[in-house]
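So this one's start_29.tsv, TSV, C-alpha atoms and all ligand atoms:
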```tsv
chain	number	residue	atom	x	y	z
A	120	MET	CA	72.71	116.07	110.92
A	121	SER	CA	70.33	113.73	109.05
A	122	SER	CA	70.18	110.10	110.16
A	123	ASP	CA	72.26	109.18	107.11
A	124	ASP	CA	74.96	111.71	108.10
A	125	SER	CA	75.24	109.98	111.43
A	126	LEU	CA	76.36	106.71	109.81
A	127	PRO	CA	80.15	106.23	110.06
A	128	ALA	CA	81.98	106.44	106.76
A	129	LEU	CA	83.42	103.01	107.49
A	130	LEU	CA	79.87	101.64	107.39
A	131	GLY	CA	78.91	103.47	104.21
A	132	GLY	CA	77.90	106.92	105.53
A	133	PRO	CA	79.30	110.21	104.24
A	134	PRO	CA	82.68	111.15	105.73
A	135	VAL	CA	82.80	114.23	107.95
A	136	ARG	CA	85.84	115.43	105.99
A	137	PRO	CA	85.45	114.23	102.39
A	138	GLN	CA	88.48	116.35	101.53
A	139	GLY	CA	90.57	114.03	103.74
A	140	PRO	CA	93.61	115.11	105.77
A	141	PRO	CA	95.57	118.07	104.39
A	142	ALA	CA	98.69	117.21	102.43
A	143	TRP	CA	102.15	117.95	103.81
A	144	PRO	CA	104.19	119.92	102.95
A	145	LEU	CA	101.83	122.81	102.31
A	146	PRO	CA	102.05	124.80	99.11
A	147	ASP	CA	104.43	127.62	100.03
A	148	GLU	CA	105.37	130.47	97.69
A	149	ASP	CA	108.54	131.19	99.65
A	150	VAL	CA	109.70	127.61	99.22
A	151	ALA	CA	108.89	127.81	95.50
A	152	ARG	CA	110.93	131.03	95.29
A	153	ALA	CA	113.86	129.41	97.14
A	154	LEU	CA	113.80	126.53	94.65
A	155	ASP	CA	113.75	128.98	91.78
A	156	VAL	CA	116.70	130.92	93.20
A	157	ALA	CA	118.60	127.65	93.74
A	158	TYR	CA	117.92	126.73	90.13
A	159	CYS	CA	118.83	130.10	88.62
A	160	SER	CA	122.02	130.41	90.66
A	161	GLY	CA	123.05	126.84	89.92
A	162	ASN	CA	123.33	126.18	93.66
A	163	TRP	CA	121.04	123.17	93.31
A	164	GLY	CA	123.90	121.25	91.67
A	165	LYS	CA	126.83	122.42	93.81
A	166	TYR	CA	128.62	120.95	96.79
A	167	HIS	CA	128.93	124.38	98.40
A	168	GLY	CA	126.38	126.94	97.30
A	169	GLY	CA	126.06	128.74	100.62
A	170	CYS	CA	122.60	127.54	101.69
A	171	VAL	CA	123.83	124.78	104.03
A	172	GLU	CA	126.23	127.17	105.70
A	173	GLN	CA	123.49	129.79	106.02
A	174	LEU	CA	121.06	127.26	107.50
A	175	GLU	CA	123.63	126.14	110.07
A	176	GLN	CA	124.22	129.76	111.08
A	177	ARG	CA	120.49	130.45	111.26
A	178	LEU	CA	119.85	127.33	113.36
A	179	ALA	CA	122.59	128.28	115.80
A	180	ALA	CA	121.28	131.87	116.06
A	181	TYR	CA	117.64	130.73	116.43
A	182	HIS	CA	118.62	128.50	119.35
A	183	GLU	CA	121.10	131.06	120.72
A	184	LEU	CA	123.83	128.44	120.58
A	185	SER	CA	127.34	128.69	119.18
A	186	PHE	CA	127.19	125.68	116.88
A	187	ALA	CA	124.83	123.84	114.53
A	188	LEU	CA	125.76	121.14	112.05
A	189	THR	CA	123.47	119.57	109.47
A	190	CYS	CA	123.41	115.95	108.33
A	191	ALA	CA	121.25	113.50	106.42
A	192	SER	CA	118.75	112.46	109.12
A	193	GLY	CA	117.67	112.90	112.71
A	194	THR	CA	118.31	109.22	113.34
A	195	PHE	CA	121.95	109.49	112.26
A	196	ALA	CA	122.29	112.73	114.22
A	197	VAL	CA	121.49	110.82	117.44
A	198	GLU	CA	124.18	108.26	116.62
A	199	ILE	CA	126.74	111.01	115.90
A	200	ALA	CA	125.77	112.72	119.16
A	201	LEU	CA	126.40	109.53	121.13
A	202	ARG	CA	129.74	108.94	119.39
A	203	ALA	CA	130.82	112.53	120.01
A	204	LEU	CA	129.95	112.06	123.69
A	205	LYS	CA	132.20	108.97	123.63
A	206	VAL	CA	129.41	106.55	124.46
A	207	GLY	CA	130.54	103.09	123.41
A	208	PRO	CA	130.71	99.37	124.21
A	209	GLY	CA	130.09	98.59	127.87
A	210	ASP	CA	128.23	101.86	128.48
A	211	GLU	CA	124.55	102.24	129.29
A	212	VAL	CA	122.22	104.95	128.05
A	213	ILE	CA	118.93	105.76	129.79
A	214	LEU	CA	115.89	106.55	127.67
A	215	ALA	CA	112.12	106.32	128.02
A	216	ALA	CA	110.64	102.88	127.35
A	217	TYR	CA	108.22	104.67	125.06
A	218	ASP	CA	110.41	106.48	122.50
A	219	TYR	CA	111.26	106.70	118.84
A	220	PRO	CA	112.65	103.23	118.03
A	221	GLY	CA	115.59	104.69	116.08
A	222	ASN	CA	116.99	106.08	119.33
A	223	PHE	CA	117.06	102.60	120.86
A	224	LEU	CA	118.81	101.29	117.75
A	225	SER	CA	121.31	104.17	117.70
A	226	ILE	CA	122.40	103.17	121.20
A	227	HIS	CA	123.04	99.68	119.86
A	228	ALA	CA	124.82	101.14	116.83
A	229	VAL	CA	127.52	102.58	119.11
A	230	GLY	CA	127.77	99.29	121.04
A	231	ALA	CA	126.07	100.49	124.21
A	232	THR	CA	123.03	99.12	126.07
A	233	PRO	CA	119.68	100.93	126.31
A	234	VAL	CA	118.24	101.19	129.81
A	235	LEU	CA	114.51	101.80	129.74
A	236	VAL	CA	112.69	103.87	132.33
A	237	ASP	CA	109.00	104.60	132.69
A	238	ILE	CA	107.03	107.59	131.45
A	239	ASP	CA	104.80	110.24	132.96
A	240	ALA	CA	101.19	109.23	133.53
A	241	ASP	CA	99.80	112.49	132.09
A	242	ASN	CA	101.84	112.96	128.93
A	243	TRP	CA	103.57	109.63	128.30
A	244	ASN	CA	106.99	111.25	127.96
A	245	LEU	CA	110.13	110.53	129.99
A	246	ARG	CA	109.32	110.76	133.70
A	247	THR	CA	112.14	112.52	135.49
A	248	ASP	CA	111.73	110.81	138.85
A	249	CYS	CA	112.19	107.47	137.08
A	250	LEU	CA	115.69	108.40	135.90
A	251	ALA	CA	117.13	107.19	139.20
A	252	THR	CA	115.62	103.73	138.65
A	253	GLY	CA	117.76	103.37	135.52
A	254	LEU	CA	121.00	104.56	137.06
A	255	GLY	CA	123.83	102.03	137.35
A	256	THR	CA	127.61	101.96	137.48
A	257	LYS	CA	127.82	101.85	133.66
A	258	THR	CA	125.40	104.69	132.95
A	259	ARG	CA	127.03	107.24	130.69
A	260	ALA	CA	124.25	109.25	129.06
A	261	ILE	CA	120.55	110.05	128.85
A	262	ILE	CA	118.46	110.53	125.71
A	263	ALA	CA	115.43	112.74	126.39
A	264	SER	CA	112.86	113.00	123.56
A	265	HIS	CA	109.84	115.28	123.42
A	266	LEU	CA	107.07	113.28	121.80
A	267	HIS	CA	103.63	114.11	120.43
A	268	GLY	CA	103.34	117.53	122.09
A	269	GLY	CA	104.49	116.17	125.44
A	270	MET	CA	107.43	118.15	126.84
A	271	VAL	CA	110.01	116.53	129.10
A	272	PRO	CA	110.86	118.71	132.16
A	273	MET	CA	114.38	119.41	130.98
A	274	ALA	CA	115.53	121.48	133.96
A	275	GLU	CA	115.11	118.36	136.13
A	276	VAL	CA	116.77	116.10	133.55
A	277	ARG	CA	119.70	118.52	133.21
A	278	THR	CA	120.16	118.66	136.98
A	279	PHE	CA	120.00	114.86	137.23
A	280	ALA	CA	122.58	114.48	134.46
A	281	ASP	CA	124.93	117.03	136.03
A	282	THR	CA	124.55	115.54	139.51
A	283	HIS	CA	125.50	112.08	138.27
A	284	GLY	CA	128.14	113.09	135.73
A	285	LEU	CA	126.07	111.95	132.73
A	286	ARG	CA	125.95	113.40	129.24
A	287	LEU	CA	122.61	114.49	127.83
A	288	VAL	CA	121.25	114.14	124.29
A	289	GLU	CA	118.02	116.06	123.78
A	290	ASP	CA	115.92	114.81	120.88
A	291	ALA	CA	113.89	117.75	119.61
A	292	ALA	CA	113.10	116.10	116.26
A	293	GLN	CA	109.36	116.47	116.89
A	294	SER	CA	109.48	119.82	118.64
A	295	PRO	CA	111.55	122.48	116.86
A	296	GLY	CA	110.83	125.89	118.33
A	297	ALA	CA	109.07	124.56	121.44
A	298	GLU	CA	109.94	126.06	124.83
A	299	ILE	CA	110.31	124.26	128.12
A	300	GLN	CA	110.79	126.01	131.43
A	301	GLY	CA	111.73	129.24	129.66
A	302	GLN	CA	114.31	127.72	127.32
A	303	LYS	CA	114.03	126.45	123.73
A	304	ALA	CA	113.85	122.74	123.01
A	305	GLY	CA	117.15	121.84	121.42
A	306	THR	CA	119.23	123.89	123.87
A	307	TRP	CA	119.17	121.60	126.91
A	308	GLY	CA	121.37	118.77	125.74
A	309	ASP	CA	125.13	118.65	125.68
A	310	ILE	CA	124.11	117.87	122.12
A	311	SER	CA	120.55	118.24	120.82
A	312	VAL	CA	119.07	116.86	117.65
A	313	LEU	CA	116.54	118.03	115.04
A	314	SER	CA	114.98	116.17	112.13
A	315	PHE	CA	113.99	117.55	108.73
A	316	GLY	CA	112.28	114.32	107.62
A	317	GLY	CA	109.41	114.42	105.17
A	318	SER	CA	106.56	114.63	107.66
A	319	LYS	CA	108.30	116.96	110.12
A	320	LEU	CA	107.41	120.55	111.04
A	321	LEU	CA	110.55	121.71	109.20
A	322	THR	CA	110.83	119.46	106.18
A	323	GLY	CA	113.55	118.98	103.64
A	324	GLY	CA	112.19	115.54	102.70
A	325	ARG	CA	115.15	114.16	104.66
A	326	GLY	CA	117.71	115.70	106.93
A	327	GLY	CA	118.78	116.39	110.47
A	328	ALA	CA	120.83	118.74	112.61
A	329	LEU	CA	123.08	118.68	115.67
A	330	LEU	CA	123.12	121.60	118.10
A	331	THR	CA	125.62	122.33	120.83
A	332	ARG	CA	127.13	125.15	122.85
A	333	HIS	CA	130.42	123.24	123.36
A	334	ALA	CA	133.34	123.90	120.98
A	335	ASP	CA	134.99	120.53	121.72
A	336	LEU	CA	131.81	118.58	120.94
A	337	HIS	CA	131.28	120.61	117.80
A	338	GLN	CA	134.78	119.77	116.64
A	339	ARG	CA	134.34	116.07	117.43
A	340	MET	CA	131.06	115.94	115.52
A	341	ARG	CA	132.65	117.69	112.54
A	342	LEU	CA	135.38	115.05	112.47
A	343	LEU	CA	132.83	112.23	112.74
A	344	LEU	CA	130.82	113.70	109.86
A	345	HIS	CA	133.80	114.15	107.52
A	346	ARG	CA	136.13	111.82	105.67
A	347	GLY	CA	137.69	114.41	103.46
A	348	ASN	CA	134.16	115.21	102.46
A	349	HIS	CA	130.89	115.24	104.43
A	350	ILE	CA	129.77	111.60	104.62
A	351	CYS	CA	126.03	112.12	105.11
A	352	PRO	CA	125.26	115.71	104.19
A	353	LEU	CA	122.19	117.82	103.81
A	354	SER	CA	122.11	119.07	100.20
A	355	GLU	CA	122.07	122.70	99.11
A	356	LEU	CA	118.56	122.17	97.78
A	357	GLN	CA	117.31	120.85	101.13
A	358	ALA	CA	118.89	123.74	102.99
A	359	ALA	CA	117.35	126.18	100.50
A	360	VAL	CA	113.79	124.98	101.22
A	361	LEU	CA	114.36	124.80	104.98
A	362	LEU	CA	115.42	128.44	105.34
A	363	PRO	CA	112.00	129.98	104.57
A	364	GLN	CA	110.29	127.39	106.79
A	365	LEU	CA	112.48	128.37	109.72
A	366	ASP	CA	111.25	131.97	109.29
A	367	LYS	CA	107.66	130.76	109.76
A	368	LEU	CA	108.23	128.25	112.53
A	369	ASP	CA	107.24	130.41	115.51
A	370	THR	CA	104.05	131.69	113.86
A	371	ARG	CA	103.07	128.19	112.79
A	372	ASN	CA	103.84	126.68	116.20
A	373	ALA	CA	101.64	129.32	117.85
A	374	HIS	CA	98.81	128.58	115.43
A	375	ARG	CA	99.07	124.84	116.01
A	376	ALA	CA	99.13	125.33	119.78
A	377	GLY	CA	95.96	127.46	119.62
A	378	MET	CA	94.22	124.75	117.61
A	379	VAL	CA	95.27	122.12	120.15
A	380	VAL	CA	93.77	124.18	122.99
A	381	ALA	CA	90.49	124.45	121.07
A	382	LEU	CA	90.48	120.75	120.22
A	383	THR	CA	91.31	119.69	123.76
A	384	GLU	CA	88.46	121.82	125.14
A	385	SER	CA	86.01	120.43	122.60
A	386	LEU	CA	86.99	116.81	123.25
A	387	ASN	CA	86.50	117.29	126.96
A	388	GLY	CA	83.74	114.98	128.16
A	389	LEU	CA	84.08	112.41	125.38
A	390	PRO	CA	84.86	109.19	127.27
A	391	GLY	CA	88.18	107.47	126.68
A	392	LEU	CA	90.06	110.36	125.02
A	393	LEU	CA	92.59	112.39	127.03
A	394	PRO	CA	94.98	114.68	125.16
A	395	PHE	CA	98.46	114.91	126.74
A	396	VAL	CA	98.85	117.34	129.64
A	397	ASN	CA	102.21	119.00	130.39
A	398	ALA	CA	102.96	119.68	134.05
A	399	VAL	CA	105.82	122.16	133.58
A	400	PRO	CA	105.54	125.65	132.06
A	401	CYS	CA	106.10	125.24	128.33
A	402	LYS	CA	105.09	126.17	124.80
A	403	PRO	CA	104.80	122.78	123.10
A	404	ALA	CA	105.33	122.18	119.40
A	405	TYR	CA	102.96	119.72	117.80
A	406	TYR	CA	104.33	117.31	115.23
A	407	LYS	CA	101.60	114.97	116.43
A	408	LEU	CA	99.05	115.52	119.15
A	409	GLY	CA	99.22	112.60	121.59
A	410	ILE	CA	95.88	111.39	122.94
A	411	GLN	CA	95.58	108.75	125.65
A	412	PHE	CA	92.91	106.36	124.44
A	413	ASP	CA	90.98	104.07	126.75
A	414	SER	CA	89.19	101.57	124.54
A	415	ASN	CA	87.01	100.28	127.39
A	416	LYS	CA	85.65	103.74	128.11
A	417	PHE	CA	85.26	104.59	124.43
A	418	GLY	CA	83.73	101.21	123.65
A	419	LEU	CA	85.92	100.44	120.63
A	420	GLY	CA	89.36	98.95	119.99
A	421	ARG	CA	92.22	101.27	119.01
A	422	GLU	CA	92.82	99.77	115.57
A	423	ARG	CA	89.16	100.15	114.68
A	424	LEU	CA	89.12	103.76	115.98
A	425	VAL	CA	92.07	104.62	113.75
A	426	GLN	CA	90.37	103.00	110.74
A	427	ALA	CA	87.06	104.72	111.45
A	428	MET	CA	88.69	108.16	111.88
A	429	GLY	CA	90.70	107.61	108.70
A	430	ALA	CA	87.47	106.88	106.83
A	431	GLU	CA	86.04	110.16	108.22
A	432	GLY	CA	89.05	111.98	106.73
A	433	VAL	CA	91.09	112.45	109.91
A	434	ALA	CA	94.78	111.38	110.03
A	435	LEU	CA	94.85	109.54	113.34
A	436	ASP	CA	97.48	106.84	113.91
A	437	GLU	CA	98.62	104.45	116.58
A	438	GLY	CA	101.70	105.58	118.53
A	439	PHE	CA	105.06	103.79	118.68
A	440	ARG	CA	105.46	100.37	120.28
A	441	ALA	CA	107.00	100.34	123.74
A	442	LEU	CA	110.68	99.52	123.32
A	443	HIS	CA	110.78	96.49	125.62
A	444	ILE	CA	107.79	94.75	124.07
A	445	GLY	CA	108.65	92.18	121.42
A	446	ARG	CA	112.42	92.62	121.94
A	447	SER	CA	114.85	90.21	123.50
A	448	PRO	CA	115.62	91.21	127.12
A	449	THR	CA	119.28	90.61	126.30
A	450	ARG	CA	119.26	93.76	124.15
A	451	LEU	CA	118.25	96.11	126.95
A	452	ARG	CA	117.95	96.63	130.67
A	453	CYS	CA	114.68	97.66	132.33
A	454	GLY	CA	115.16	100.33	134.97
A	455	GLY	CA	112.17	99.55	137.16
A	456	GLU	CA	108.56	98.85	136.30
A	457	LEU	CA	107.32	100.13	132.94
A	458	LEU	CA	103.59	100.22	133.58
A	459	GLU	CA	102.81	103.54	131.89
A	460	SER	CA	104.96	102.59	128.90
A	461	GLU	CA	102.85	99.46	128.57
A	462	ARG	CA	99.70	101.57	128.68
A	463	ALA	CA	101.14	103.85	125.99
A	464	HIS	CA	102.07	100.82	123.88
A	465	SER	CA	98.45	99.80	123.54
A	466	GLY	CA	96.61	103.01	124.31
A	467	LEU	CA	98.18	105.90	122.41
A	468	VAL	CA	96.72	107.55	119.34
A	469	VAL	CA	98.31	110.52	117.59
A	470	LEU	CA	96.75	113.17	115.40
A	471	HIS	CA	99.04	114.23	112.54
A	472	HIS	CA	99.93	117.93	112.52
A	473	PRO	CA	98.98	119.40	109.09
A	474	VAL	CA	95.34	119.88	110.07
A	475	LEU	CA	96.49	121.99	113.03
A	476	LEU	CA	97.40	124.77	110.60
A	477	GLY	CA	93.73	124.92	109.58
A	478	THR	CA	90.79	126.80	111.08
A	479	HIS	CA	88.31	126.24	113.88
A	480	ALA	CA	86.04	124.63	111.27
A	481	ASP	CA	88.69	121.89	111.01
A	482	VAL	CA	88.71	121.45	114.79
A	483	ASN	CA	84.91	121.16	114.76
A	484	GLU	CA	85.06	118.51	112.05
A	485	ILE	CA	87.64	116.46	113.94
A	486	VAL	CA	85.45	116.60	117.04
A	487	ARG	CA	82.36	115.69	115.01
A	488	ALA	CA	84.22	112.70	113.58
A	489	PHE	CA	85.25	111.52	117.07
A	490	ARG	CA	81.66	111.95	118.32
A	491	LYS	CA	80.20	110.10	115.36
A	492	VAL	CA	82.61	107.18	115.85
A	493	TYR	CA	81.88	107.16	119.59
A	494	ALA	CA	78.11	107.17	119.02
A	495	ASN	CA	78.50	104.18	116.69
A	496	ALA	CA	81.21	102.38	118.64
A	497	GLU	CA	79.16	99.26	119.22
A	498	ARG	CA	78.21	98.84	115.55
A	499	LEU	CA	81.76	99.56	114.43
A	500	GLY	CA	83.09	97.02	116.87
A	501	CYS	CA	80.82	94.29	115.50
A	502	ALA	CA	81.13	95.12	111.79
A	601	LIG	C1	111.53	111.66	118.24
A	601	LIG	C2	112.23	111.40	116.95
A	601	LIG	N1	113.56	111.38	116.93
A	601	LIG	C3	114.25	111.16	115.82
A	601	LIG	C4	113.58	110.94	114.62
A	601	LIG	C5	114.40	110.63	113.42
A	601	LIG	O1	114.31	111.53	112.39
A	601	LIG	P1	114.65	111.15	110.89
A	601	LIG	O2	113.38	110.66	110.27
A	601	LIG	O3	115.14	112.44	110.32
A	601	LIG	O4	115.70	110.12	110.90
A	601	LIG	C6	112.19	110.93	114.59
A	601	LIG	C7	111.48	110.67	113.35
A	601	LIG	O5	110.28	110.47	113.32
A	601	LIG	C8	111.49	111.18	115.80
A	601	LIG	O6	110.15	111.18	115.83
```

Reformat the file's structure so that it appears as structure tokens.
Amino acid sequence: MSSDDSLPALLGGPPVRPQGPPAWPLPDEDVARALDVAYCSGNWGKYHGGCVEQLEQRLAAYHELSFALTCASGTFAVEIALRALKVGPGDEVILAAYDYPGNFLSIHAVGATPVLVDIDADNWNLRTDCLATGLGTKTRAIIASHLHGGMVPMAEVRTFADTHGLRLVEDAAQSPGAEIQGQKAGTWGDISVLSFGGSKLLTGGRGGALLTRHADLHQRMRLLLHRGNHICPLSELQAAVLLPQLDKLDTRNAHRAGMVVALTESLNGLPGLLPFVNAVPCKPAYYKLGIQFDSNKFGLGRERLVQAMGAEGVALDEGFRALHIGRSPTRLRCGGELLESERAHSGLVVLHHPVLLGTHADVNEIVRAFRKVYANAERLGCA
């Protein structure tokens, strides 16, 4: 590297990845073919062309469940799941204090109260031994989300739910095809949820799905989703492009996981950056790779790190806000101390997934970008 190459892109040096982050979705001949078939058959303009039905069957078979229903978004799927589980006004729902904000709002949408519990110190996902701190006489359900490559130990959550007579919604929006404790993500909940939103591993631009093994819940969800006609459907065109992606999910998840192993090993030793660690046996899926960032050790603030990595051509973002921060305490209940959630609020960065379908040259460039920013942290902090 010449001295000029060592200058951060944010300060006028050449970016490590001038090509920038890869676009998503990827060009995909099978998707193009599916669109062509949908056009030629006229299915693209029909209510019922067969693709939605086929996708629902394929999703159920892939998860080895009896039932899958599609809808317009993962966010709405969570609300439908709660309604089907008869969660309503006066009830409480436990979820991690660091979670997708839409889940918090979906609990409000059904008139219930979110109860926030703390997260695991190593992967900043729901911590199972904190579930008890959220338990109260009004507790009716748990929402367990797998976030940023962190996998929630679902066997423990399932046992807790069963022991206390609670219903369980598993949010696998970020982790289709992942495995936890020998079982697929999306199969642990009474109802589990997927998202097909535009940045997701399976993308239809928009969309979601509900998975269950229970015939009564399936029937209730069908009724909630229909008023003579489906009220928030996935279109035939969306289903058509999702089918070929489902075929490739396992291969792509394995590739992404291999890249994460390589990246994690290469980042080892760089102060202030700790990729998530899962304690239970699992095969994570990576919609984002969560990295615990300690700005004191790294010598640079998080916002500046994200800017500097962006300038180097790496899609690094800040994580979600913790759910109790900046919200009125009247809208929630805190189940115990939320110290790790507060750390995650200010200390999480996430690497967006498309680059994880690249090569080891991509991993090396990401690491070079982190090292360059680290080496120039002081100058970047002052500039
Ligand atoms: C964990 C989680 N759950 C649910 C959703 C909602 O999905 P959608 O964008 O399809 O509404 C998201 C979206 O980012 C998510 O990350």

task: Considering only C-alpha atoms and all ligand atoms, state which residue in the set A:Leu184, A:Ala240, A:Val288, A:Leu336 is at the smallest distance from ligand LIG 601 (chain A).
output: A:Val288

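Closest to A:Gly324 among A:Gly255, A:Gly139, A:Ile238, A:Ala191 is A:Ala191, based on only C-alpha atoms.
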
task: Taking all atoms listed in the file into account, report as an MDAnalysis selection string which residues have an atom no farther than 6 Å from an atom of ligand LIG 601 (chain A).
output: chainID A and resid 192:194 219 264 266 290 292:293 314:316 325:327

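Among the candidates A:Leu235, A:Ile444, A:Ala328, A:Ala430, the residue lying nearest to A:Ser465 is A:Ile444 (atoms considered: all atoms listed in the file).
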
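Neighbouring residues of A:Phe417 at 8 Å or closer, counting all atoms listed in the file and skipping chain neighbours under 5 positions away, are Leu389, Pro390, Gly391, Leu392, Phe412, Tyr493 and Ala496 of chain A.
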
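Among the candidates A:Arg446, A:Arg487, A:Cys501, A:His265, the one nearest to A:Lys407 when counting all atoms listed in the file is A:His265.
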